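Note sheet for the following structure.
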2 protein chains.
Amino acid sequence: MEGNRIFLFLNMDKGKLYLIPVPLADDTTAASFTPHALSLLNGIDEYIVENEKTARKFLKDAQITIPQNKLILHDYGKHSRDVFEMRKAFQNLFLGKDIGVLSEAGCPGVADPGSQIVEYAHKNGIQVVPLVGPSSILLALMASGFNGQNFAFTGYLPIGKSERIKKIKSLEAQVYNNQQTQIFMEAPFRNNKLLEDLLKTCKNDTRLCIASLLTSKEEYIRTQKISEWRASTPDLHKKPTLFLLYK
Amino acid sequence: MEGNRIFLFLNMDKGKLYLIPVPLADDTTAASFTPHALSLLNGIDEYIVENEKTARKFLKDAQITIPQNKLILHDYGKHSRDVFEMRKAFQNLFLGKDIGVLSEAGCPGVADPGSQIVEYAHKNGIQVVPLVGPSSILLALMASGFNGQNFAFTGYLPIGKSERIKKIKSLEAQVYNNQQTQIFMEAPFRNNKLLEDLLKTCKNDTRLCIASLLTSKEEYIRTQKISEWRASTPDLHKKPTLFLLYK
């Protein structure tokens with residue numbers, strides 16, 4: 001009997017892990033969500049989330065009909081990651097229930113730690129379903145006018161002065177040697193410092209695209225040469241921004 | 001008088017260039033489009049398109065209310081690119097009209113030649129507005145479980161046998177030396193050949209994600225080790241597919 005029950009369990013259909021992009025800016029639900037994603041959200045009451053507070057706000061903004069106190073949220077944020085139990089968060093998935101993954105903004109698994117959750121799903125035969133939604137990296141790349149047939153995203157630049165200058169030089173070299181667009185970012189309160197370092201370090205003719213506050217009413221996207229940026233430098237303090245380099 | 005007229009022209013508000021992603025598969029409008037994108041489409045009757053036939057089909061599928069014979073399409077496809085006149089396509093933009101850019105599938109300017117249009121816009125002070133929509137590259141990256149904090153897309157691999165093997169080895173080296181996810185693709189009728197070369201060339205423990213027919217009902221996304229793929233190899237012939245390597 002015991003053997004039979006285990007056999008039945010193993011043969012049950014597992015749930016799906018939905019990767020759900022989160023809007024990049026406030027009041028942009030209509031510009032961020034497909035009707036398919038919104039209708040799916042109404043069928044999911046359990047999530048693995050990077051930040052419980054922003055996840056609740058997001059689900060409220062998306063106007064899902066499931067009451068907040070019925071939601072099961074597994075916190076995968078940086079302060080709880082050490083005690084996060086992957087197997088516990090996946091328990092209901094193994095039993096056939098669909099579960100969603102929500103990052104803080106943008107696409108789960110891109111520029112955030114969500115990929116570890118997806119990796120665990122693949123290793124355990126769970127089907128992964130990525131939903132269409134906003135990615136600041138892709139929006140910035142599209143809008144930059146730079147090479148979209150060869151590009152790299154390298155995340156955050158080093159904070160230390162000399163390492164950072166070295167990194168900027170190596171990114172610029174990739175542009176010229178490999179015709180590869182370089183995409184990177186910075187913690188928003190350090191944006192102006194990064195811009196300053198870029199303008200000091202890069203060649204006059206290298207082009208820089210600044211893509212800031214994407215999808216919001218204050219969206220700012222502009223591509224011009226380093227020499228032109230030097231002549232007139234925007235204030236990017238605390239504004240979420242992608243930086244792109246190309247020749 | 002002549003001078004005055006020129007002065008007025010220069011001060012007119014220019015139109016915006018909207019970058020509009022196109023669904024990756026048939027019958028996926030609800031899973032590909034935000035309400036914002038659909039409502040915008042109904043206000044635009046002039047487009048720069050990578051393929052006139054698929055652009056017309058797309059606009060029909062999106063159920064826009066503008067009759068097909070009222071649409072102005074500037075063909076930027078590979079067979080017309082030599083005779084394409086950027087200034088002519090932008091003429092109405094300079095006069096204040098909004099114009100859209102449509103690639104064959106996915107995001108304009110990413111893995112297609114649309115970036116040249118965006119580059120021209122930036123050089124001429126035209127505001128560029130990227131819309132949220134499907135990108136097979138980003139969907140594949142999200143769903144791979146691979147490093148999304150450092151990744152590169154390198155487009156199509158070389159066709160010549162020895163060059164291609166050399167490229168695969170260099171991509172695998174980037175994975176191990178730089179912890180960088182490698183994303184690439186192939187013309188769909190050559191997918192099986194590429195997969196064969198990957199399985200022959202890469203290390204047993206290197207992981208490969210195959211992301212095929214994204215957003216369609218037949219979507220197939222799976223990540224496993226090269227050794228596991230060798231034991232059971234899918235048929236990818238003529239199925240649009242992204243390949244991703246990581247360790």
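Identifiers in the structure tokens: chain A, B, ... in order shown; residue index from 1 per chain; ligand index from 1 in order shown.
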Pull out every residue of chain A sitting within 7 Å of chain B, counting only C-alpha atoms, and send them as a count of residues only.
42
Can you list every residue in stretch 17-213 of chain A that DSSP puts in strand (DSSP E or B), as a VMD selection string?
chain A and resid 17 to 20 22 46 to 49 72 to 75 99 to 102 106 127 to 130 151 to 156 181 to 185 207 to 212
Could you pull out the residues in stretch 2-116 of chain A that DSSP calls helix (DSSP H, G or I) from the backbone, as a ChimeraX atom specification?
/A:2-11,29-32,35-41,52-61,68-70,81-83,86-94,115-116
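Distances to A:Pro240 were evaluated for A:Lys225, A:Arg190, A:Lys88, A:Lys16 using only C-alpha atoms, and the minimum falls at A:Arg190.
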Which of these, A:Leu242, A:Asp197, A:Asn124, A:Tyr76, has the shortest distance to A:Gln91 once you count only C-alpha atoms?
A:Asn124
Just want the 9 Å neighbourhood of stretch 59-66 of chain A, counted on only C-alpha atoms, with same-chain residues fewer than 6 positions away dropped. Output as a PDB file with all heavy atoms, in the first residue's frame.
```pdb
ATOM      1  N   ASP A  26       5.149  53.495 -11.109  1.00  0.00           N
ATOM      2  CA  ASP A  26       3.783  53.546 -10.589  1.00  0.00           C
ATOM      3  C   ASP A  26       2.788  53.890 -11.701  1.00  0.00           C
ATOM      4  O   ASP A  26       3.128  54.570 -12.669  1.00  0.00           O
ATOM      5  CB  ASP A  26       3.690  54.621  -9.491  1.00  0.00           C
ATOM      6  CG  ASP A  26       4.308  54.125  -8.188  1.00  0.00           C
ATOM      7  OD1 ASP A  26       4.433  52.896  -8.022  1.00  0.00           O
ATOM      8  OD2 ASP A  26       4.666  54.970  -7.357  1.00  0.00           O
ATOM      9  N   ASP A  27       1.574  53.443 -11.528  1.00  0.00           N
ATOM     10  CA  ASP A  27       0.472  53.786 -12.446  1.00  0.00           C
ATOM     11  C   ASP A  27       0.761  53.410 -13.900  1.00  0.00           C
ATOM     12  O   ASP A  27       0.440  54.170 -14.822  1.00  0.00           O
ATOM     13  CB  ASP A  27       0.149  55.302 -12.374  1.00  0.00           C
ATOM     14  CG  ASP A  27      -0.129  55.730 -10.945  1.00  0.00           C
ATOM     15  OD1 ASP A  27      -0.839  54.993 -10.242  1.00  0.00           O
ATOM     16  OD2 ASP A  27       0.380  56.780 -10.536  1.00  0.00           O
ATOM     17  N   THR A  29       0.123  50.058 -15.039  1.00  0.00           N
ATOM     18  CA  THR A  29      -0.435  48.720 -15.253  1.00  0.00           C
ATOM     19  C   THR A  29      -0.853  48.516 -16.713  1.00  0.00           C
ATOM     20  O   THR A  29      -0.504  47.503 -17.323  1.00  0.00           O
ATOM     21  CB  THR A  29      -1.645  48.490 -14.314  1.00  0.00           C
ATOM     22  OG1 THR A  29      -1.209  48.725 -12.980  1.00  0.00           O
ATOM     23  CG2 THR A  29      -2.155  47.062 -14.420  1.00  0.00           C
ATOM     24  N   PHE A  33       1.109  45.340 -18.600  1.00  0.00           N
ATOM     25  CA  PHE A  33       0.512  44.013 -18.524  1.00  0.00           C
ATOM     26  C   PHE A  33      -0.301  43.625 -19.718  1.00  0.00           C
ATOM     27  O   PHE A  33      -1.127  44.391 -20.185  1.00  0.00           O
ATOM     28  CB  PHE A  33      -0.409  43.925 -17.322  1.00  0.00           C
ATOM     29  CG  PHE A  33       0.368  43.621 -16.116  1.00  0.00           C
ATOM     30  CD1 PHE A  33       0.376  44.479 -15.063  1.00  0.00           C
ATOM     31  CD2 PHE A  33       1.143  42.488 -16.070  1.00  0.00           C
ATOM     32  CE1 PHE A  33       1.127  44.208 -13.961  1.00  0.00           C
ATOM     33  CE2 PHE A  33       1.894  42.211 -14.971  1.00  0.00           C
ATOM     34  CZ  PHE A  33       1.884  43.071 -13.923  1.00  0.00           C
ATOM     35  N   LEU A  38      -2.783  39.401 -16.635  1.00  0.00           N
ATOM     36  CA  LEU A  38      -3.724  39.835 -15.599  1.00  0.00           C
ATOM     37  C   LEU A  38      -4.719  38.733 -15.249  1.00  0.00           C
ATOM     38  O   LEU A  38      -5.045  38.527 -14.085  1.00  0.00           O
ATOM     39  CB  LEU A  38      -4.466  41.099 -16.052  1.00  0.00           C
ATOM     40  CG  LEU A  38      -3.676  42.400 -15.877  1.00  0.00           C
ATOM     41  CD1 LEU A  38      -4.480  43.589 -16.374  1.00  0.00           C
ATOM     42  CD2 LEU A  38      -3.276  42.627 -14.416  1.00  0.00           C
ATOM     43  N   SER A  39      -5.184  37.996 -16.265  1.00  0.00           N
ATOM     44  CA  SER A  39      -6.167  36.953 -15.959  1.00  0.00           C
ATOM     45  C   SER A  39      -5.490  35.787 -15.239  1.00  0.00           C
ATOM     46  O   SER A  39      -6.079  35.153 -14.366  1.00  0.00           O
ATOM     47  CB  SER A  39      -6.920  36.517 -17.223  1.00  0.00           C
ATOM     48  OG  SER A  39      -6.312  35.416 -17.821  1.00  0.00           O
ATOM     49  N   LEU A  41      -2.980  36.076 -13.122  1.00  0.00           N
ATOM     50  CA  LEU A  41      -2.760  36.512 -11.731  1.00  0.00           C
ATOM     51  C   LEU A  41      -3.967  36.197 -10.855  1.00  0.00           C
ATOM     52  O   LEU A  41      -3.822  35.857  -9.692  1.00  0.00           O
ATOM     53  CB  LEU A  41      -2.496  38.024 -11.684  1.00  0.00           C
ATOM     54  CG  LEU A  41      -1.111  38.516 -12.088  1.00  0.00           C
ATOM     55  CD1 LEU A  41      -1.083  40.029 -12.103  1.00  0.00           C
ATOM     56  CD2 LEU A  41      -0.048  37.972 -11.146  1.00  0.00           C
ATOM     57  N   ASN A  42      -5.148  36.289 -11.441  1.00  0.00           N
ATOM     58  CA  ASN A  42      -6.355  36.033 -10.659  1.00  0.00           C
ATOM     59  C   ASN A  42      -6.552  34.565 -10.316  1.00  0.00           C
ATOM     60  O   ASN A  42      -7.414  34.228  -9.502  1.00  0.00           O
ATOM     61  CB  ASN A  42      -7.583  36.587 -11.382  1.00  0.00           C
ATOM     62  CG  ASN A  42      -7.892  37.978 -10.897  1.00  0.00           C
ATOM     63  OD1 ASN A  42      -7.875  38.225  -9.696  1.00  0.00           O
ATOM     64  ND2 ASN A  42      -8.114  38.888 -11.823  1.00  0.00           N
ATOM     65  N   GLY A  43      -5.745  33.697 -10.935  1.00  0.00           N
ATOM     66  CA  GLY A  43      -5.849  32.278 -10.619  1.00  0.00           C
ATOM     67  C   GLY A  43      -4.714  31.788  -9.726  1.00  0.00           C
ATOM     68  O   GLY A  43      -4.622  30.605  -9.421  1.00  0.00           O
ATOM     69  N   ILE A  44      -3.842  32.688  -9.320  1.00  0.00           N
ATOM     70  CA  ILE A  44      -2.682  32.292  -8.517  1.00  0.00           C
ATOM     71  C   ILE A  44      -2.752  32.967  -7.150  1.00  0.00           C
ATOM     72  O   ILE A  44      -2.894  34.185  -7.063  1.00  0.00           O
ATOM     73  CB  ILE A  44      -1.358  32.683  -9.232  1.00  0.00           C
ATOM     74  CG1 ILE A  44      -1.275  31.992 -10.600  1.00  0.00           C
ATOM     75  CG2 ILE A  44      -0.148  32.306  -8.372  1.00  0.00           C
ATOM     76  CD1 ILE A  44      -0.028  32.316 -11.391  1.00  0.00           C
ATOM     77  N   ASP A  45      -2.656  32.171  -6.081  1.00  0.00           N
ATOM     78  CA  ASP A  45      -2.705  32.771  -4.736  1.00  0.00           C
ATOM     79  C   ASP A  45      -1.430  32.499  -3.935  1.00  0.00           C
ATOM     80  O   ASP A  45      -1.365  32.781  -2.748  1.00  0.00           O
ATOM     81  CB  ASP A  45      -3.946  32.297  -3.964  1.00  0.00           C
ATOM     82  CG  ASP A  45      -3.886  30.811  -3.631  1.00  0.00           C
ATOM     83  OD1 ASP A  45      -2.859  30.171  -3.934  1.00  0.00           O
ATOM     84  OD2 ASP A  45      -4.870  30.287  -3.071  1.00  0.00           O
TER      85      ASP A  45
END
```
Hey, what's within 12 Å of B:Pro158 if we count only C-alpha atoms and toss same-chain stuff fewer than 3 positions away? As a list in words, please?
Thr154, Gly155, Lys161, Ser162, Glu163, Arg164, Ile165, Lys166, Lys167, Ile168, Phe184, Met185, Glu186, Ala187, Arg190, Leu194 and Asp197 of chain B
All residues 12 Å or closer to A:Trp229, only C-alpha atoms, same chain fewer than 3 positions away omitted, as a PyMOL selection string
chain A and resi 195-196+198-200+202-210+222-226+232-235
One number please: atom CA of A:Asp82 to atom CA of A:Thr54, in Å, one decimal.
20.0 Å
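The space between atom CA of B:Leu213 and atom CA of B:Ala105 spans 12.1 Å.
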Atom CA of B:Pro188 to atom CA of B:Ile159, straight-line distance in Å
12.9 Å
